[in-house]
file data.cif (mmCIF, C-alpha atoms)
data_query
loop_
_atom_site.group_PDB
_atom_site.id
_atom_site.type_symbol
_atom_site.label_atom_id
_atom_site.label_comp_id
_atom_site.auth_asym_id
_atom_site.auth_seq_id
_atom_site.Cartn_x
_atom_site.Cartn_y
_atom_site.Cartn_z
ATOM 1 C CA MET A 295 -3.681 13.641 227.873
ATOM 2 C CA ILE A 296 -6.941 13.134 229.778
ATOM 3 C CA VAL A 297 -9.929 12.239 227.605
ATOM 4 C CA ASP A 298 -13.344 12.593 229.194
ATOM 5 C CA PRO A 299 -16.124 10.130 228.328
ATOM 6 C CA LEU A 300 -18.164 12.707 226.431
ATOM 7 C CA THR A 301 -15.245 13.438 224.092
ATOM 8 C CA LEU A 302 -15.099 9.754 223.276
ATOM 9 C CA VAL A 303 -18.844 9.563 222.791
ATOM 10 C CA TYR A 304 -18.610 12.473 220.364
ATOM 11 C CA ALA A 305 -15.685 10.764 218.602
ATOM 12 C CA GLY A 306 -17.836 7.639 218.326
ATOM 13 C CA ILE A 307 -20.705 9.627 216.828
ATOM 14 C CA GLU A 308 -18.400 11.332 214.342
ATOM 15 C CA ALA A 309 -16.983 7.909 213.449
ATOM 16 C CA TYR A 310 -20.506 6.543 212.948
ATOM 17 C CA LYS A 311 -21.384 9.574 210.838
ATOM 18 C CA ALA A 312 -18.215 9.053 208.784
ATOM 19 C CA TYR A 313 -19.171 5.399 208.364
ATOM 20 C CA LYS A 314 -22.648 6.363 207.163
ATOM 21 C CA ASP A 315 -21.297 9.004 204.752
ATOM 22 C CA ASN A 316 -18.405 6.987 203.436
ATOM 23 C CA ALA A 317 -18.199 8.496 199.959
ATOM 24 C CA ARG A 318 -14.705 7.098 199.412
ATOM 25 C CA PHE A 319 -15.853 3.543 200.124
ATOM 26 C CA ASP A 320 -18.960 3.948 197.953
ATOM 27 C CA ALA A 321 -16.740 5.127 195.095
ATOM 28 C CA ASP A 322 -14.445 2.114 195.577
ATOM 29 C CA MET A 323 -17.425 -0.257 195.488
ATOM 30 C CA ALA A 324 -18.897 1.439 192.393
ATOM 31 C CA ALA A 325 -15.539 1.055 190.622
ATOM 32 C CA LEU A 326 -15.394 -2.587 191.647
ATOM 33 C CA LYS A 327 -18.929 -3.307 190.375
ATOM 34 C CA ALA A 328 -18.136 -1.543 187.083
ATOM 35 C CA LYS A 329 -15.459 -4.165 186.416
ATOM 36 C CA ASN A 330 -18.155 -6.891 186.225
ATOM 37 C CA LEU A 331 -15.938 -9.367 188.034
ATOM 38 C CA ASP A 332 -16.979 -12.917 188.880
ATOM 39 C CA ALA A 333 -17.280 -13.996 192.539
ATOM 40 C CA ALA A 334 -13.615 -14.959 192.834
ATOM 41 C CA GLY A 335 -12.570 -11.678 191.245
ATOM 42 C CA ILE A 336 -14.749 -9.670 193.663
ATOM 43 C CA LEU A 337 -13.245 -11.491 196.652
ATOM 44 C CA ASP A 338 -9.700 -10.913 195.393
ATOM 45 C CA ALA A 339 -10.401 -7.207 194.870
ATOM 46 C CA LEU A 340 -11.954 -6.831 198.342
ATOM 47 C CA HIS A 341 -9.051 -8.752 199.858
ATOM 48 C CA ALA A 342 -6.559 -6.351 198.241
ATOM 49 C CA MET A 343 -8.615 -3.348 199.402
ATOM 50 C CA ARG A 344 -8.650 -4.656 202.975
ATOM 51 C CA GLN A 345 -4.911 -5.375 202.986
ATOM 52 C CA GLN A 346 -4.197 -1.829 201.815
ATOM 53 C CA ALA A 347 -6.555 -0.420 204.481
ATOM 54 C CA ALA A 348 -4.827 -2.547 207.146
ATOM 55 C CA THR A 349 -1.375 -1.376 206.034
ATOM 56 C CA ASP A 350 -2.503 2.261 206.083
ATOM 57 C CA ALA A 351 -4.107 1.907 209.545
ATOM 58 C CA HIS A 352 -1.027 0.243 211.060
ATOM 59 C CA LYS A 353 1.226 2.895 209.508
ATOM 60 C CA ALA A 354 -0.978 5.692 210.865
ATOM 61 C CA VAL A 355 -1.047 4.240 214.382
ATOM 62 C CA ASP A 356 2.684 3.366 214.386
ATOM 63 C CA GLY A 357 3.403 6.967 213.461
ATOM 64 C CA MET A 358 1.573 8.337 216.513
ATOM 65 C CA ALA A 359 3.507 9.517 219.554
ATOM 66 C CA SER A 360 3.193 7.112 222.500
ATOM 67 C CA MET B 142 -7.930 3.693 229.439
ATOM 68 C CA LYS B 143 -11.322 2.766 230.865
ATOM 69 C CA THR B 144 -13.131 5.306 228.749
ATOM 70 C CA ALA B 145 -11.614 3.836 225.579
ATOM 71 C CA ARG B 146 -13.957 0.862 226.110
ATOM 72 C CA LEU B 147 -16.759 3.135 225.022
ATOM 73 C CA TRP B 148 -15.198 3.899 221.670
ATOM 74 C CA LEU B 149 -14.230 0.256 221.286
ATOM 75 C CA ALA B 150 -17.815 -0.802 221.841
ATOM 76 C CA LEU B 151 -19.098 1.797 219.402
ATOM 77 C CA CYS B 152 -16.544 0.626 216.856
ATOM 78 C CA ALA B 153 -17.711 -2.943 217.410
ATOM 79 C CA ALA B 154 -21.338 -1.918 217.032
ATOM 80 C CA ILE B 155 -20.509 -0.189 213.738
ATOM 81 C CA LEU B 156 -18.616 -3.219 212.460
ATOM 82 C CA LEU B 157 -21.284 -5.657 213.562
ATOM 83 C CA ALA B 158 -23.941 -3.505 211.951
ATOM 84 C CA ALA B 159 -21.897 -3.521 208.748
ATOM 85 C CA CYS B 160 -21.687 -7.316 208.924
ATOM 86 C CA VAL B 161 -25.421 -7.882 209.263
ATOM 87 C CA SER B 162 -26.969 -5.047 207.291
ATOM 88 C CA ALA B 163 -25.020 -4.915 204.047
ATOM 89 C CA THR B 164 -26.728 -5.934 200.828
ATOM 90 C CA PRO B 165 -25.351 -9.096 199.160
ATOM 91 C CA VAL B 166 -22.241 -8.499 197.067
ATOM 92 C CA ILE B 167 -22.287 -12.015 195.650
ATOM 93 C CA SER B 168 -25.801 -13.218 194.887
ATOM 94 C CA GLY B 169 -27.125 -16.767 194.895
ATOM 95 C CA ASP B 170 -28.305 -19.484 197.299
ATOM 96 C CA THR B 171 -25.596 -22.072 196.694
ATOM 97 C CA PRO B 172 -23.119 -22.885 199.503
ATOM 98 C CA GLN B 173 -20.418 -21.280 197.344
ATOM 99 C CA ALA B 174 -22.391 -18.039 196.983
ATOM 100 C CA GLN B 175 -23.285 -17.970 200.698
ATOM 101 C CA ALA B 176 -19.674 -18.500 201.741
ATOM 102 C CA GLY B 177 -18.458 -15.966 199.190
ATOM 103 C CA ASN B 178 -20.955 -13.382 200.360
ATOM 104 C CA ALA B 179 -20.070 -13.934 204.050
ATOM 105 C CA ILE B 180 -16.396 -13.383 203.232
ATOM 106 C CA ALA B 181 -17.178 -10.322 201.105
ATOM 107 C CA GLN B 182 -19.274 -8.725 203.882
ATOM 108 C CA ALA B 183 -16.538 -9.355 206.429
ATOM 109 C CA GLU B 184 -13.905 -7.883 204.088
ATOM 110 C CA ILE B 185 -16.074 -4.775 203.663
ATOM 111 C CA ALA B 186 -16.514 -4.437 207.438
ATOM 112 C CA LEU B 187 -12.759 -4.778 207.891
ATOM 113 C CA VAL B 188 -11.958 -2.182 205.228
ATOM 114 C CA LYS B 189 -14.281 0.265 206.973
ATOM 115 C CA GLY B 190 -12.883 -0.648 210.394
ATOM 116 C CA TYR B 191 -9.266 -0.137 209.347
ATOM 117 C CA ARG B 192 -10.096 3.150 207.630
ATOM 118 C CA LEU B 193 -11.862 4.341 210.786
ATOM 119 C CA VAL B 194 -8.740 3.597 212.799
ATOM 120 C CA ALA B 195 -6.536 5.456 210.316
ATOM 121 C CA ASP B 196 -8.907 8.441 210.449
ATOM 122 C CA GLN B 197 -8.920 8.372 214.255
ATOM 123 C CA ALA B 198 -5.103 8.203 214.337
ATOM 124 C CA ALA B 199 -5.057 11.383 212.249
ATOM 125 C CA ALA B 200 -7.701 13.021 214.470
ATOM 126 C CA GLY B 201 -5.548 12.414 217.560
ATOM 127 C CA VAL B 202 -8.415 12.074 220.032
ATOM 128 C CA LEU B 203 -7.518 8.578 221.206
ATOM 129 C CA PHE B 204 -4.323 7.210 222.739
ATOM 130 C CA LYS B 205 -1.974 5.153 220.570
ATOM 131 C CA SER B 206 -2.448 2.186 222.923
ATOM 132 C CA GLU B 207 -6.229 2.423 222.519
ATOM 133 C CA LEU B 208 -6.018 2.326 218.732
ATOM 134 C CA GLN B 209 -3.539 -0.551 218.942
ATOM 135 C CA GLU B 210 -6.122 -2.424 221.005
ATOM 136 C CA ILE B 211 -8.740 -1.889 218.284
ATOM 137 C CA LEU B 212 -6.235 -2.866 215.568
ATOM 138 C CA ALA B 213 -5.487 -6.135 217.378
ATOM 139 C CA VAL B 214 -9.178 -7.068 217.233
ATOM 140 C CA LEU B 215 -9.404 -6.156 213.548
ATOM 141 C CA ASP B 216 -6.236 -8.167 212.821
ATOM 142 C CA LYS B 217 -7.727 -11.183 214.573
ATOM 143 C CA ALA B 218 -10.874 -10.950 212.446
ATOM 144 C CA ALA B 219 -8.705 -10.432 209.326
ATOM 145 C CA ALA B 220 -6.753 -13.612 210.101
ATOM 146 C CA ALA B 221 -10.018 -15.571 210.299
ATOM 147 C CA ILE B 222 -11.067 -14.155 206.918
ATOM 148 C CA ASP B 223 -7.690 -15.056 205.382
ATOM 149 C CA THR B 224 -8.294 -18.643 206.469
ATOM 150 C CA ALA B 225 -11.867 -18.492 205.139
ATOM 151 C CA LYS B 226 -10.536 -17.347 201.758
ATOM 152 C CA LYS B 227 -8.107 -20.302 201.651
ATOM 153 C CA PHE B 228 -10.997 -22.709 202.329
ATOM 154 C CA TYR B 229 -13.058 -20.961 199.638
ATOM 155 C CA ASP B 230 -10.261 -21.134 197.061
ATOM 156 C CA ALA B 231 -9.856 -24.852 197.848
ATOM 157 C CA GLY B 232 -13.587 -25.443 197.242
ATOM 158 C CA SER B 233 -14.401 -26.077 200.926
ATOM 159 C CA PHE B 234 -17.388 -23.745 201.228
ATOM 160 C CA ASP B 235 -18.677 -25.003 204.598
ATOM 161 C CA GLY B 236 -15.225 -24.462 206.070
ATOM 162 C CA ALA B 237 -15.105 -20.995 204.514
ATOM 163 C CA LEU B 238 -18.482 -20.076 205.993
ATOM 164 C CA ASN B 239 -17.418 -21.284 209.454
ATOM 165 C CA GLN B 240 -14.243 -19.221 209.302
ATOM 166 C CA ALA B 241 -16.188 -16.150 208.200
ATOM 167 C CA LEU B 242 -18.395 -16.625 211.259
ATOM 168 C CA ASP B 243 -15.217 -16.814 213.363
ATOM 169 C CA ALA B 244 -14.413 -13.296 212.175
ATOM 170 C CA ASP B 245 -17.769 -12.225 213.592
ATOM 171 C CA LYS B 246 -16.798 -13.903 216.862
ATOM 172 C CA ALA B 247 -13.577 -11.866 216.970
ATOM 173 C CA LEU B 248 -15.634 -8.693 216.665
ATOM 174 C CA ASN B 249 -18.103 -9.946 219.268
ATOM 175 C CA TYR B 250 -15.117 -10.490 221.560
ATOM 176 C CA VAL B 251 -14.775 -6.706 221.855
ATOM 177 C CA GLU B 252 -18.282 -6.405 223.249
ATOM 178 C CA ALA B 253 -17.659 -9.284 225.679
ATOM 179 C CA GLU B 254 -14.469 -7.596 226.903
ATOM 180 C CA VAL B 255 -16.376 -4.366 227.525
ATOM 181 C CA ALA B 256 -18.963 -6.177 229.619
ATOM 182 C CA LYS B 257 -16.262 -8.078 231.550
ATOM 183 C CA LYS B 258 -14.281 -4.943 232.378
ATOM 184 C CA LEU B 259 -17.400 -3.216 233.589
ATOM 185 C CA ARG B 260 -18.306 -6.193 235.789
ATOM 186 C CA ASP B 261 -14.773 -6.299 237.231
ATOM 187 C CA ARG B 262 -14.978 -2.618 238.079
ATOM 188 C CA ARG B 263 -17.896 -3.055 240.472
ATOM 189 C CA GLN B 264 -17.181 -2.535 244.157
ATOM 190 C CA PRO B 265 -17.242 -5.814 246.153
ATOM 191 C CA GLY B 266 -20.463 -5.996 248.128
ATOM 192 C CA ALA B 267 -21.938 -2.951 246.447
ATOM 193 C CA GLN B 268 -25.707 -2.750 246.693
ATOM 194 C CA PRO B 269 -27.691 -1.765 243.625
ATOM 195 C CA SER B 270 -29.130 1.671 244.168
ATOM 196 C CA ALA B 271 -29.754 4.611 241.894
ATOM 197 C CA TYR B 272 -28.427 6.809 244.707
ATOM 198 C CA HIS B 273 -25.473 4.684 245.792
ATOM 199 C CA PRO B 274 -23.302 6.875 248.035
ATOM 200 C CA ALA B 275 -20.072 4.945 247.283
ATOM 201 C CA MET B 276 -20.122 5.777 243.561
ATOM 202 C CA SER B 277 -17.559 8.382 242.588
ATOM 203 C CA GLU B 278 -18.301 10.879 239.849
ATOM 204 C CA GLU B 279 -15.894 8.979 237.582
ATOM 205 C CA ASP B 280 -17.605 5.636 238.279
ATOM 206 C CA ALA B 281 -21.059 7.108 237.623
ATOM 207 C CA SER B 282 -19.713 8.633 234.421
ATOM 208 C CA ASP B 283 -18.217 5.292 233.318
ATOM 209 C CA ALA B 284 -21.482 3.498 234.100
ATOM 210 C CA CYS B 285 -23.253 6.108 232.001
ATOM 211 C CA SER B 286 -20.819 5.509 229.106
ATOM 212 C CA ASP B 287 -21.701 1.826 229.212
ATOM 213 C CA MET B 288 -25.409 2.638 229.222
ATOM 214 C CA VAL B 289 -25.031 4.962 226.219
ATOM 215 C CA VAL B 290 -23.207 2.251 224.283
ATOM 216 C CA ARG B 291 -25.914 -0.278 225.087
ATOM 217 C CA LEU B 292 -28.621 2.156 223.990
ATOM 218 C CA ALA B 293 -26.724 2.896 220.746
ATOM 219 C CA THR B 294 -26.316 -0.818 220.040
ATOM 220 C CA LEU B 295 -29.986 -1.425 220.869
ATOM 221 C CA VAL B 296 -31.072 1.256 218.385
ATOM 222 C CA LEU B 297 -28.721 -0.020 215.660
ATOM 223 C CA ARG B 298 -30.106 -3.527 215.942
ATOM 224 C CA ALA B 299 -33.712 -2.341 216.278
ATOM 225 C CA LYS B 300 -33.374 -0.224 213.140
ATOM 226 C CA GLN B 301 -31.933 -3.176 211.229
ATOM 227 C CA ALA B 302 -34.949 -5.236 212.296
ATOM 228 C CA ASN B 303 -37.352 -2.368 211.440
ATOM 229 C CA VAL B 304 -38.536 -2.111 215.046
ATOM 230 C CA PRO B 305 -40.289 1.239 215.578
ATOM 231 C CA GLU B 306 -38.811 3.754 218.031
ATOM 232 C CA ALA B 307 -41.907 3.686 220.282
ATOM 233 C CA LYS B 308 -41.587 -0.075 220.781
ATOM 234 C CA VAL B 309 -37.947 0.338 221.845
ATOM 235 C CA THR B 310 -38.657 3.121 224.341
ATOM 236 C CA ASP B 311 -41.701 1.255 225.720
ATOM 237 C CA SER B 312 -39.452 -1.719 226.490
ATOM 238 C CA LEU B 313 -37.145 0.333 228.749
ATOM 239 C CA GLN B 314 -37.376 0.405 232.511
ATOM 240 C CA GLY B 315 -35.495 2.490 235.049
ATOM 241 C CA ASP B 316 -35.129 5.672 237.050
ATOM 242 C CA LYS B 317 -37.583 8.373 235.912
ATOM 243 C CA ALA B 318 -34.890 11.013 235.299
ATOM 244 C CA LEU B 319 -32.718 8.522 233.423
ATOM 245 C CA MET B 320 -35.664 7.376 231.300
ATOM 246 C CA LYS B 321 -36.317 10.929 230.144
ATOM 247 C CA GLY B 322 -32.699 11.343 229.022
ATOM 248 C CA ALA B 323 -32.573 7.877 227.449
ATOM 249 C CA LYS B 324 -35.723 8.535 225.399
ATOM 250 C CA ALA B 325 -34.253 11.789 224.076
ATOM 251 C CA LEU B 326 -31.045 9.980 223.181
ATOM 252 C CA ILE B 327 -32.857 7.116 221.451
ATOM 253 C CA HIS B 328 -34.883 9.611 219.417
ATOM 254 C CA ALA B 329 -31.661 11.346 218.335
ATOM 255 C CA PHE B 330 -30.080 8.019 217.391
ATOM 256 C CA TYR B 331 -33.208 6.975 215.467
ATOM 257 C CA THR B 332 -33.317 10.228 213.516
ATOM 258 C CA GLU B 333 -29.488 10.291 213.202
ATOM 259 C CA ASP B 334 -29.511 13.789 214.657
ATOM 260 C CA VAL B 335 -25.885 14.262 215.730
ATOM 261 C CA ALA B 336 -26.434 17.642 217.421
ATOM 262 C CA GLY B 337 -29.468 16.213 219.257
ATOM 263 C CA ALA B 338 -27.483 13.161 220.344
ATOM 264 C CA LYS B 339 -24.709 15.322 221.760
ATOM 265 C CA ALA B 340 -27.198 17.452 223.711
ATOM 266 C CA ALA B 341 -29.085 14.372 224.963
ATOM 267 C CA MET B 342 -25.850 12.679 226.051
ATOM 268 C CA GLN B 343 -24.656 15.784 227.890
ATOM 269 C CA SER B 344 -27.960 15.892 229.768
ATOM 270 C CA LEU B 345 -27.857 12.140 230.451
ATOM 271 C CA PHE B 346 -24.296 12.319 231.799
ATOM 272 C CA ASP B 347 -25.269 15.200 234.098
ATOM 273 C CA THR B 348 -28.204 13.144 235.413
ATOM 274 C CA CYS B 349 -26.002 10.061 235.959
ATOM 275 C CA VAL B 350 -23.518 12.086 238.002
ATOM 276 C CA ASP B 351 -26.265 13.955 239.895
ATOM 277 C CA ILE B 352 -27.840 10.719 241.097
ATOM 278 C CA ASN B 353 -24.520 8.790 241.476
ATOM 279 C CA MET B 354 -25.871 6.146 239.134
ATOM 280 C CA HIS B 355 -24.796 2.583 239.882
ATOM 281 C CA PRO B 356 -24.152 0.206 236.914
ATOM 282 C CA GLU B 357 -26.843 -2.202 238.098
ATOM 283 C CA THR B 358 -29.508 0.474 238.111
ATOM 284 C CA ALA B 359 -28.702 1.780 234.634
ATOM 285 C CA ILE B 360 -31.378 1.419 231.974
#
call {"tool": "encode", "arguments": {"input": "data.cif", "output": "structure tokens"}}
result
Amino acid sequence: MIVDPLTLVYAGIEAYKAYKDNARFDADMAALKAKNLDAAGILDALHAMRQQAATDAHKAVDGMAS
Amino acid sequence: MKTARLWLALCAAILLAACVSATPVISGDTPQAQAGNAIAQAEIALVKGYRLVADQAAAGVLFKSELQEILAVLDKAAAAIDTAKKFYDAGSFDGALNQALDADKALNYVEAEVAKKLRDRRQPGAQPSAYHPAMSEEDASDACSDMVVRLATLVLRAKQANVPEAKVTDSLQGDKALMKGAKALIHAFYTEDVAGAKAAMQSLFDTCVDINMHPETAI
């Protein structure tokens, strides 16, 4: 597979757009704020969210063909 | 593989922007609140970074090895945040803050790697010239990719600092044809006009190849 620079630039723009319009993340944060957690509770919740995201990302990449 | 540096740099710019622009999650001026907020912002940046990678794996545009490279950087930053959290839980807030800053360094490492690779790619003894005859189409295209990333990063940071678009474009210097394309691209980035950015980048890439742009003469 040959990927030209413009394709990657477009992918970067789409990624940036996805980052800006991250409705899923906004919903996660709204749910977290609704719990009225203290600082330690917020950090624990974010830590769990990040670990799940890391697991999902590794699984997605591991599942790709080399 | 070389072109993946572009996406890596964009990913880094997105993550860095997330680190510096997010509103406080944990409020307060105490060392505990500052450390807690630094950790929270880094966790948020990492969540977004990992989700981006998962989305890109599904999209199938990038090579597996390229995404693994991005994951390695995210994992390094995550390890620093894990350590920061341990310091925080133990009541060592200065240590926690320092570790959170280390996570930022891991993300900065991506940008440094991009710059290093681009430096290494230069031809020995090459003379800076906008019309360098030794530049291949691929090299001019790669140099243009680097320039686009730098312009995107410049705009991200300028917007965070509320610097007006005119001040950014006035600060640029370079080849007349390149300047025209760069200004169009900056305007598209400023207005977050995706279709405009694509058109401006296409035009800018064509110009870079037409003039055999050398990295040292890029804007």
call {"tool": "atom_distance", "arguments": {"input": "data.cif", "atom1": "atom CA of Ala324 of chain A", "atom2": "atom CA of His341 of chain A"}}
result
16.0 Å
call {"tool": "residues_around", "arguments": {"input": "data.cif", "residues": "Ala351 of chain A", "least_positions_apart": "4", "cutoff": "8 Å", "atoms": "only C-alpha atoms", "output": "ChimeraX atom specification"}}
result
/A:347,355 /B:191-192,194-195,198,212
call {"tool": "atom_distance", "arguments": {"input": "data.cif", "atom1": "atom CA of Asp334 of chain B", "atom2": "atom CA of Ala317 of chain A"}}
result
19.3 Å
call {"tool": "closest_residue", "arguments": {"input": "data.cif", "among": "A:Ala348, A:Met323, A:Gly357, A:Lys329", "to": "chain B", "atoms": "all atoms listed in the file"}}
result
A:Ala348
call {"tool": "closest_residue", "arguments": {"input": "data.cif", "among": "B:Ala341, B:Lys226, B:Val188, B:Ala176", "to": "Phe319 of chain A", "atoms": "only C-alpha atoms"}}
result
B:Val188
call {"tool": "axis_aligned_box", "arguments": {"input": "data.cif", "around": "segment 342-346 of chain A", "padding_each_side": "6 Å", "output": "AutoDock Vina command-line options"}}
result
--center_x -6.4 --center_y -4.1 --center_z 200.6 --size_x 16.5 --size_y 16.5 --size_z 16.7
call {"tool": "atom_distance", "arguments": {"input": "data.cif", "atom1": "atom CA of Leu331 of chain A", "atom2": "atom CA of Gly177 of chain B"}}
result
13.2 Å
call {"tool": "closest_residue", "arguments": {"input": "data.cif", "among": "A:Ala342, A:Ala321, A:Ala333, A:Ala328", "to": "chain B", "atoms": "only C-alpha atoms"}}
result
A:Ala333
